[in-house]
Structures are given as structure tokens and as C-alpha cells.
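K.L.:
Just one file: final_2.txt, with compact mmCIF, N, CA and C atoms.
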```txt
# COMPACT_ATOMS: atom_id res chain seq x y z
N MET A 1 13.67 -5.81 13.17
CA MET A 1 14.71 -4.81 13.10
C MET A 1 15.95 -5.27 13.87
N ILE A 2 17.09 -4.87 13.41
CA ILE A 2 18.36 -5.19 14.06
C ILE A 2 18.90 -3.93 14.72
N GLU A 3 19.37 -4.08 15.94
CA GLU A 3 19.89 -2.95 16.70
C GLU A 3 21.41 -3.10 16.86
N ILE A 4 22.12 -2.01 16.62
CA ILE A 4 23.58 -1.99 16.75
C ILE A 4 23.93 -1.02 17.88
N SER A 5 24.67 -1.49 18.88
CA SER A 5 25.03 -0.62 20.00
C SER A 5 26.03 0.45 19.57
N GLU A 6 26.21 1.43 20.43
CA GLU A 6 27.18 2.49 20.16
C GLU A 6 28.60 1.92 20.08
N ASN A 7 28.95 0.99 20.98
CA ASN A 7 30.28 0.37 20.94
C ASN A 7 30.49 -0.40 19.64
N ALA A 8 29.48 -1.15 19.21
CA ALA A 8 29.60 -1.91 17.97
C ALA A 8 29.70 -0.97 16.77
N THR A 9 28.91 0.10 16.78
CA THR A 9 28.96 1.08 15.69
C THR A 9 30.36 1.68 15.57
N GLU A 10 30.94 2.08 16.70
CA GLU A 10 32.29 2.65 16.68
C GLU A 10 33.29 1.66 16.11
N GLN A 11 33.19 0.39 16.50
CA GLN A 11 34.12 -0.63 16.01
C GLN A 11 33.92 -0.88 14.52
N ILE A 12 32.68 -0.96 14.08
CA ILE A 12 32.39 -1.18 12.66
C ILE A 12 32.93 -0.03 11.82
N LEU A 13 32.71 1.21 12.26
CA LEU A 13 33.21 2.37 11.52
C LEU A 13 34.73 2.38 11.46
N GLU A 14 35.37 2.01 12.56
CA GLU A 14 36.83 1.95 12.59
C GLU A 14 37.34 0.90 11.60
N MET A 15 36.69 -0.25 11.58
CA MET A 15 37.08 -1.32 10.66
C MET A 15 36.84 -0.92 9.21
N LEU A 16 35.70 -0.30 8.94
CA LEU A 16 35.40 0.16 7.58
C LEU A 16 36.41 1.20 7.11
N ASN A 17 36.77 2.13 7.99
CA ASN A 17 37.77 3.15 7.62
C ASN A 17 39.12 2.53 7.32
N SER A 18 39.48 1.47 8.04
CA SER A 18 40.77 0.83 7.80
C SER A 18 40.81 0.10 6.46
N LEU A 19 39.63 -0.29 5.94
CA LEU A 19 39.58 -0.97 4.64
C LEU A 19 39.84 0.00 3.49
N ASN A 20 39.54 1.28 3.71
CA ASN A 20 39.82 2.33 2.74
C ASN A 20 39.23 2.03 1.36
N LEU A 21 38.01 1.52 1.34
CA LEU A 21 37.31 1.25 0.09
C LEU A 21 36.12 2.18 -0.02
N GLU A 22 35.77 2.53 -1.24
CA GLU A 22 34.71 3.52 -1.46
C GLU A 22 33.34 3.03 -1.03
N GLN A 23 32.93 1.84 -1.44
CA GLN A 23 31.60 1.33 -1.12
C GLN A 23 31.72 -0.03 -0.46
N MET A 24 31.46 -0.08 0.85
CA MET A 24 31.54 -1.34 1.58
C MET A 24 30.35 -1.41 2.53
N TYR A 25 29.76 -2.58 2.63
CA TYR A 25 28.60 -2.82 3.48
C TYR A 25 28.98 -3.77 4.61
N LEU A 26 28.27 -3.67 5.71
CA LEU A 26 28.32 -4.71 6.73
C LEU A 26 27.23 -5.70 6.36
N ARG A 27 27.61 -6.95 6.13
CA ARG A 27 26.64 -7.99 5.77
C ARG A 27 26.38 -8.85 7.00
N VAL A 28 25.09 -9.02 7.29
CA VAL A 28 24.66 -9.83 8.43
C VAL A 28 23.76 -10.93 7.91
N GLY A 29 24.04 -12.16 8.33
CA GLY A 29 23.21 -13.28 7.90
C GLY A 29 23.37 -14.46 8.83
N VAL A 30 22.71 -15.54 8.47
CA VAL A 30 22.77 -16.79 9.19
C VAL A 30 23.06 -17.88 8.17
N VAL A 31 23.96 -18.80 8.54
CA VAL A 31 24.30 -19.92 7.66
C VAL A 31 24.16 -21.22 8.45
N ASP A 32 23.88 -22.31 7.73
CA ASP A 32 23.89 -23.63 8.36
C ASP A 32 25.30 -23.94 8.83
N GLY A 33 25.40 -24.54 10.00
CA GLY A 33 26.70 -24.95 10.50
C GLY A 33 26.83 -24.70 11.99
N GLY A 34 27.94 -25.15 12.53
CA GLY A 34 28.17 -25.07 13.96
C GLY A 34 27.51 -26.24 14.65
N CYS A 35 27.90 -26.49 15.87
CA CYS A 35 27.41 -27.68 16.56
C CYS A 35 25.93 -27.61 16.93
N SER A 36 25.33 -26.41 16.95
CA SER A 36 23.89 -26.31 17.23
C SER A 36 23.05 -26.19 15.97
N GLY A 37 23.67 -25.97 14.82
CA GLY A 37 22.93 -25.98 13.56
C GLY A 37 22.96 -24.70 12.75
N LEU A 38 23.04 -23.54 13.40
CA LEU A 38 23.07 -22.25 12.70
C LEU A 38 24.22 -21.41 13.25
N SER A 39 24.85 -20.63 12.39
CA SER A 39 25.92 -19.73 12.81
C SER A 39 25.69 -18.36 12.18
N TYR A 40 26.15 -17.34 12.86
CA TYR A 40 26.07 -15.98 12.33
C TYR A 40 27.13 -15.77 11.25
N ASP A 41 26.76 -15.00 10.24
CA ASP A 41 27.69 -14.59 9.19
C ASP A 41 27.75 -13.06 9.25
N LEU A 42 28.82 -12.54 9.81
CA LEU A 42 29.01 -11.10 9.99
C LEU A 42 30.31 -10.74 9.30
N ARG A 43 30.21 -9.99 8.20
CA ARG A 43 31.41 -9.68 7.41
C ARG A 43 31.17 -8.43 6.58
N PHE A 44 32.24 -7.93 5.99
CA PHE A 44 32.13 -6.79 5.08
C PHE A 44 32.04 -7.31 3.66
N ASP A 45 31.27 -6.60 2.85
CA ASP A 45 31.03 -7.02 1.47
C ASP A 45 30.86 -5.77 0.61
N ASP A 46 31.33 -5.84 -0.62
CA ASP A 46 31.16 -4.71 -1.54
C ASP A 46 30.09 -4.98 -2.59
N GLN A 47 29.39 -6.12 -2.47
CA GLN A 47 28.36 -6.49 -3.44
C GLN A 47 26.99 -6.52 -2.78
N ARG A 48 26.03 -5.88 -3.44
CA ARG A 48 24.64 -5.87 -2.98
C ARG A 48 23.81 -6.65 -3.99
N THR A 49 22.95 -7.57 -3.51
CA THR A 49 22.12 -8.36 -4.42
C THR A 49 20.66 -7.97 -4.27
N GLU A 50 19.83 -8.47 -5.16
CA GLU A 50 18.40 -8.19 -5.12
C GLU A 50 17.73 -8.80 -3.90
N GLU A 51 18.33 -9.86 -3.36
CA GLU A 51 17.76 -10.53 -2.19
C GLU A 51 18.10 -9.85 -0.88
N ASP A 52 18.98 -8.87 -0.91
CA ASP A 52 19.42 -8.19 0.30
C ASP A 52 18.41 -7.15 0.77
N ILE A 53 18.27 -7.07 2.08
CA ILE A 53 17.52 -5.99 2.70
C ILE A 53 18.54 -4.93 3.08
N PHE A 54 18.34 -3.71 2.61
CA PHE A 54 19.28 -2.62 2.83
C PHE A 54 18.84 -1.79 4.04
N LEU A 55 19.76 -1.56 4.97
CA LEU A 55 19.49 -0.73 6.14
C LEU A 55 20.59 0.31 6.27
N SER A 56 20.19 1.55 6.45
CA SER A 56 21.15 2.61 6.68
C SER A 56 21.28 2.80 8.18
N MET A 57 22.48 2.58 8.70
CA MET A 57 22.73 2.68 10.13
C MET A 57 23.44 4.00 10.42
N ASN A 58 23.91 4.17 11.62
CA ASN A 58 24.60 5.39 12.04
C ASN A 58 26.00 5.46 11.43
N GLY A 59 26.09 5.96 10.20
CA GLY A 59 27.39 6.14 9.57
C GLY A 59 27.83 5.02 8.65
N PHE A 60 27.06 3.96 8.54
CA PHE A 60 27.43 2.88 7.61
C PHE A 60 26.16 2.23 7.07
N GLN A 61 26.35 1.39 6.05
CA GLN A 61 25.22 0.72 5.41
C GLN A 61 25.32 -0.77 5.69
N MET A 62 24.17 -1.38 5.97
CA MET A 62 24.13 -2.79 6.32
C MET A 62 23.23 -3.54 5.35
N LEU A 63 23.64 -4.75 5.01
CA LEU A 63 22.84 -5.65 4.19
C LEU A 63 22.48 -6.86 5.03
N VAL A 64 21.21 -7.24 4.98
CA VAL A 64 20.76 -8.44 5.66
C VAL A 64 20.20 -9.36 4.59
N GLU A 65 20.68 -10.59 4.55
CA GLU A 65 20.18 -11.55 3.59
C GLU A 65 18.71 -11.82 3.93
N SER A 66 17.82 -11.64 2.97
CA SER A 66 16.38 -11.73 3.24
C SER A 66 16.00 -13.09 3.82
N ARG A 67 16.64 -14.16 3.40
CA ARG A 67 16.30 -15.48 3.93
C ARG A 67 16.71 -15.62 5.39
N SER A 68 17.65 -14.79 5.85
CA SER A 68 18.11 -14.82 7.24
C SER A 68 17.26 -13.98 8.18
N MET A 69 16.48 -13.06 7.64
CA MET A 69 15.77 -12.10 8.48
C MET A 69 14.87 -12.74 9.54
N PRO A 70 14.14 -13.83 9.24
CA PRO A 70 13.32 -14.43 10.30
C PRO A 70 14.13 -14.87 11.52
N PHE A 71 15.39 -15.22 11.32
CA PHE A 71 16.25 -15.67 12.42
C PHE A 71 16.91 -14.49 13.14
N LEU A 72 16.87 -13.30 12.53
CA LEU A 72 17.59 -12.15 13.06
C LEU A 72 16.69 -11.04 13.58
N GLU A 73 15.39 -11.19 13.44
CA GLU A 73 14.46 -10.15 13.89
C GLU A 73 14.65 -9.91 15.39
N GLY A 74 14.96 -8.67 15.77
CA GLY A 74 15.18 -8.32 17.16
C GLY A 74 16.61 -8.49 17.64
N LEU A 75 17.52 -8.88 16.74
CA LEU A 75 18.92 -9.09 17.10
C LEU A 75 19.56 -7.79 17.59
N LYS A 76 20.35 -7.89 18.66
CA LYS A 76 21.12 -6.77 19.17
C LYS A 76 22.60 -7.13 19.08
N ILE A 77 23.34 -6.32 18.31
CA ILE A 77 24.77 -6.55 18.14
C ILE A 77 25.52 -5.55 19.00
N ASP A 78 26.46 -6.06 19.79
CA ASP A 78 27.28 -5.21 20.64
C ASP A 78 28.74 -5.58 20.40
N TYR A 79 29.62 -4.73 20.89
CA TYR A 79 31.06 -5.01 20.85
C TYR A 79 31.58 -4.82 22.25
N GLN A 80 32.24 -5.85 22.77
CA GLN A 80 32.77 -5.79 24.13
C GLN A 80 34.28 -5.98 24.11
N ARG A 81 34.95 -5.11 24.85
CA ARG A 81 36.39 -5.23 25.01
C ARG A 81 36.69 -5.96 26.31
N GLN A 82 37.63 -6.89 26.24
CA GLN A 82 38.08 -7.61 27.43
C GLN A 82 39.58 -7.67 27.40
N GLY A 83 40.21 -6.91 28.29
CA GLY A 83 41.67 -6.86 28.31
C GLY A 83 42.19 -6.27 27.01
N MET A 84 43.05 -7.01 26.34
CA MET A 84 43.65 -6.53 25.09
C MET A 84 42.88 -7.00 23.86
N THR A 85 41.78 -7.71 24.07
CA THR A 85 41.00 -8.22 22.94
C THR A 85 39.57 -7.72 23.02
N GLY A 86 38.82 -8.03 22.02
CA GLY A 86 37.41 -7.67 22.00
C GLY A 86 36.69 -8.48 20.94
N GLY A 87 35.39 -8.40 20.95
CA GLY A 87 34.63 -9.12 19.95
C GLY A 87 33.18 -8.70 19.94
N PHE A 88 32.52 -9.03 18.84
CA PHE A 88 31.11 -8.74 18.69
C PHE A 88 30.30 -9.80 19.44
N THR A 89 29.22 -9.35 20.07
CA THR A 89 28.30 -10.26 20.74
C THR A 89 26.93 -10.12 20.10
N MET A 90 26.19 -11.20 20.11
CA MET A 90 24.86 -11.23 19.52
C MET A 90 23.85 -11.61 20.59
N ASP A 91 22.87 -10.75 20.80
CA ASP A 91 21.77 -11.05 21.71
C ASP A 91 20.53 -11.22 20.84
N ASN A 92 20.14 -12.47 20.64
CA ASN A 92 19.10 -12.80 19.68
C ASN A 92 17.90 -13.41 20.40
N PRO A 93 16.73 -12.74 20.38
CA PRO A 93 15.55 -13.28 21.07
C PRO A 93 14.99 -14.54 20.41
N ASN A 94 15.43 -14.87 19.21
CA ASN A 94 14.94 -16.05 18.49
C ASN A 94 15.66 -17.33 18.89
N VAL A 95 16.77 -17.22 19.58
CA VAL A 95 17.57 -18.39 19.95
C VAL A 95 16.87 -19.18 21.05
N LYS A 96 16.71 -20.46 20.81
CA LYS A 96 16.11 -21.35 21.81
C LYS A 96 17.15 -22.26 22.43
N ALA A 97 18.27 -22.48 21.75
CA ALA A 97 19.37 -23.29 22.29
C ALA A 97 20.64 -22.88 21.58
N SER A 98 21.75 -22.94 22.30
CA SER A 98 23.04 -22.62 21.69
C SER A 98 24.09 -23.57 22.22
N CYS A 99 25.21 -23.61 21.53
CA CYS A 99 26.30 -24.49 21.94
C CYS A 99 27.03 -23.86 23.14
N GLY A 100 27.92 -24.62 23.74
CA GLY A 100 28.64 -24.15 24.91
C GLY A 100 29.48 -22.92 24.67
N CYS A 101 30.05 -22.79 23.48
CA CYS A 101 30.90 -21.63 23.20
C CYS A 101 30.09 -20.44 22.70
N GLY A 102 28.81 -20.65 22.38
CA GLY A 102 27.95 -19.55 21.95
C GLY A 102 28.10 -19.17 20.49
N ALA A 103 28.86 -19.93 19.73
CA ALA A 103 29.11 -19.60 18.32
C ALA A 103 27.98 -20.06 17.40
N SER A 104 27.18 -21.01 17.83
CA SER A 104 26.08 -21.47 16.99
C SER A 104 24.81 -21.62 17.83
N PHE A 105 23.68 -21.71 17.13
CA PHE A 105 22.40 -21.72 17.81
C PHE A 105 21.35 -22.42 16.96
N ARG A 106 20.16 -22.57 17.53
CA ARG A 106 18.99 -23.02 16.78
C ARG A 106 17.78 -22.26 17.31
N THR A 107 16.74 -22.22 16.51
CA THR A 107 15.52 -21.52 16.91
C THR A 107 14.43 -22.56 17.17
N ALA A 108 13.28 -22.09 17.59
CA ALA A 108 12.16 -23.01 17.87
C ALA A 108 11.64 -23.64 16.60
N THR A 109 11.82 -22.96 15.45
CA THR A 109 11.23 -23.45 14.20
C THR A 109 12.27 -24.01 13.22
N TYR A 110 13.55 -23.84 13.49
CA TYR A 110 14.57 -24.33 12.55
C TYR A 110 15.83 -24.72 13.29
N ARG A 111 16.31 -25.91 13.01
CA ARG A 111 17.48 -26.44 13.69
C ARG A 111 18.76 -26.28 12.87
N GLY A 112 18.63 -25.97 11.59
CA GLY A 112 19.82 -25.87 10.75
C GLY A 112 20.45 -27.23 10.52
N THR A 113 21.68 -27.21 10.03
CA THR A 113 22.44 -28.43 9.78
C THR A 113 23.68 -28.39 10.65
N ALA A 114 23.64 -29.14 11.71
CA ALA A 114 24.76 -29.12 12.66
C ALA A 114 26.02 -29.71 12.01
N LYS A 115 27.14 -29.06 12.26
CA LYS A 115 28.45 -29.50 11.80
C LYS A 115 29.42 -29.31 12.94
N LYS A 116 30.38 -30.16 13.03
CA LYS A 116 31.38 -30.08 14.10
C LYS A 116 32.13 -28.75 14.01
N CYS A 117 32.25 -28.07 15.15
CA CYS A 117 32.96 -26.78 15.20
C CYS A 117 34.47 -26.98 15.05
```
Spit out the file's structure as C-alpha cells when you get a sec.
P.N.:
Amino acid sequence: MIEISENATEQILEMLNSLNLEQMYLRVGVVDGGCSGLSYDLRFDDQRTEEDIFLSMNGFQMLVESRSMPFLEGLKIDYQRQGMTGGFTMDNPNVKASCGCGASFRTATYRGTAKKC
């Protein structure tokens, strides 16, 4: 299961409202890339596929790519504000190593395909 903090939920809802589209999902996944091998894919999408796992969250709908779920089980998404900026943070119990900037990672069972950041 994926957990979304109250701060992250507020930010996601604000972003979804600004898009002003009737049906939009938060898509969460993992893609090959980054200096450690895997990177998070967090974006809005209006298309749902048969491979997606559908989750109804507090006020919005989320899609998780089924092939990404083993890497995301137990993921906690938060949103932190720092000064005039902010960003989403990922606390993932599956991560065994990550790059210095924290943008990419690898797990104990999969290293992904590392690419220069």
C-alpha cells in the first residue's frame, strides 16, 4: 500500500484543481534511469490502462503501474515546504541505495539501468 501524507494530499488536490480537467489521475510509478538505476515517475494523467492498479485516495484517484508496485510497496509520499519552494518526498522501505541527490535508487532485488543524471 502507498501512503500519502496530509501535506501531500493538499498539494495534489491544489494542483489537480488548477488543471481544471474533468478526469485526472495521479500516476505513480518507477522507471529505469538516474545514476542509481531507478527513478520515481510521479505525474498527472488522464488515461487509465488495464495494467494500472486503481486507488481511491482522500479526494483524488491514483494509478499505480502494476509492474512498479513491487518497488513501491510501503511508499510514503509527503510534501515539504522550504522557504519559497517545496517538493514531494518519497520514503520508500524498499530502497537499499540511492544517489547523492536522492533522485534515483535501487532495491535489493533490482538495480535498474543507471543513466547519467
K.L.:
List every protein, DNA or RNA residue that has at least one atom no more than 9 Å from (19.2, -4.8, 17.5) in the file's coordinates, counting only C-alpha atoms, and write the result as JSON, numbers by chain.
P.N.:
{"A": [1, 2, 3, 4, 5, 72, 73, 74, 75, 76, 77, 78, 90, 91, 92]}
K.L.:
For the point (25.4, -11.5, 7.5) in the file's frame, write as a list in words all residues with an atom no more than 7 Å away, counting all atoms listed in the file.
P.N.:
Leu26, Arg27, Val28, Gly29, Val30, Tyr40, Asp41, Leu42, Arg43, Leu63, Val64 and Glu65 of chain A
K.L.:
Write out as an NGL selection string all residues of chain A that backbone DSSP assigns to strand (DSSP E).
P.N.:
:A and (3-4 or 25-32 or 38-45 or 52-56 or 61-65 or 76-82 or 85-91 or 95-98 or 104-107)
K.L.:
Between atom C of A:Leu13 and atom N of A:Met84, what is the distance, to one decimal in Å?
P.N.:
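About the pair atom C of A:Leu13 and atom N of A:Met84: they are 19.5 Å apart.
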K.L.:
Go ahead and compute the interatomic distance for atom CA of A:Arg67 and atom CA of A:Glu50, in Å to one decimal.
P.N.:
11.8 Å
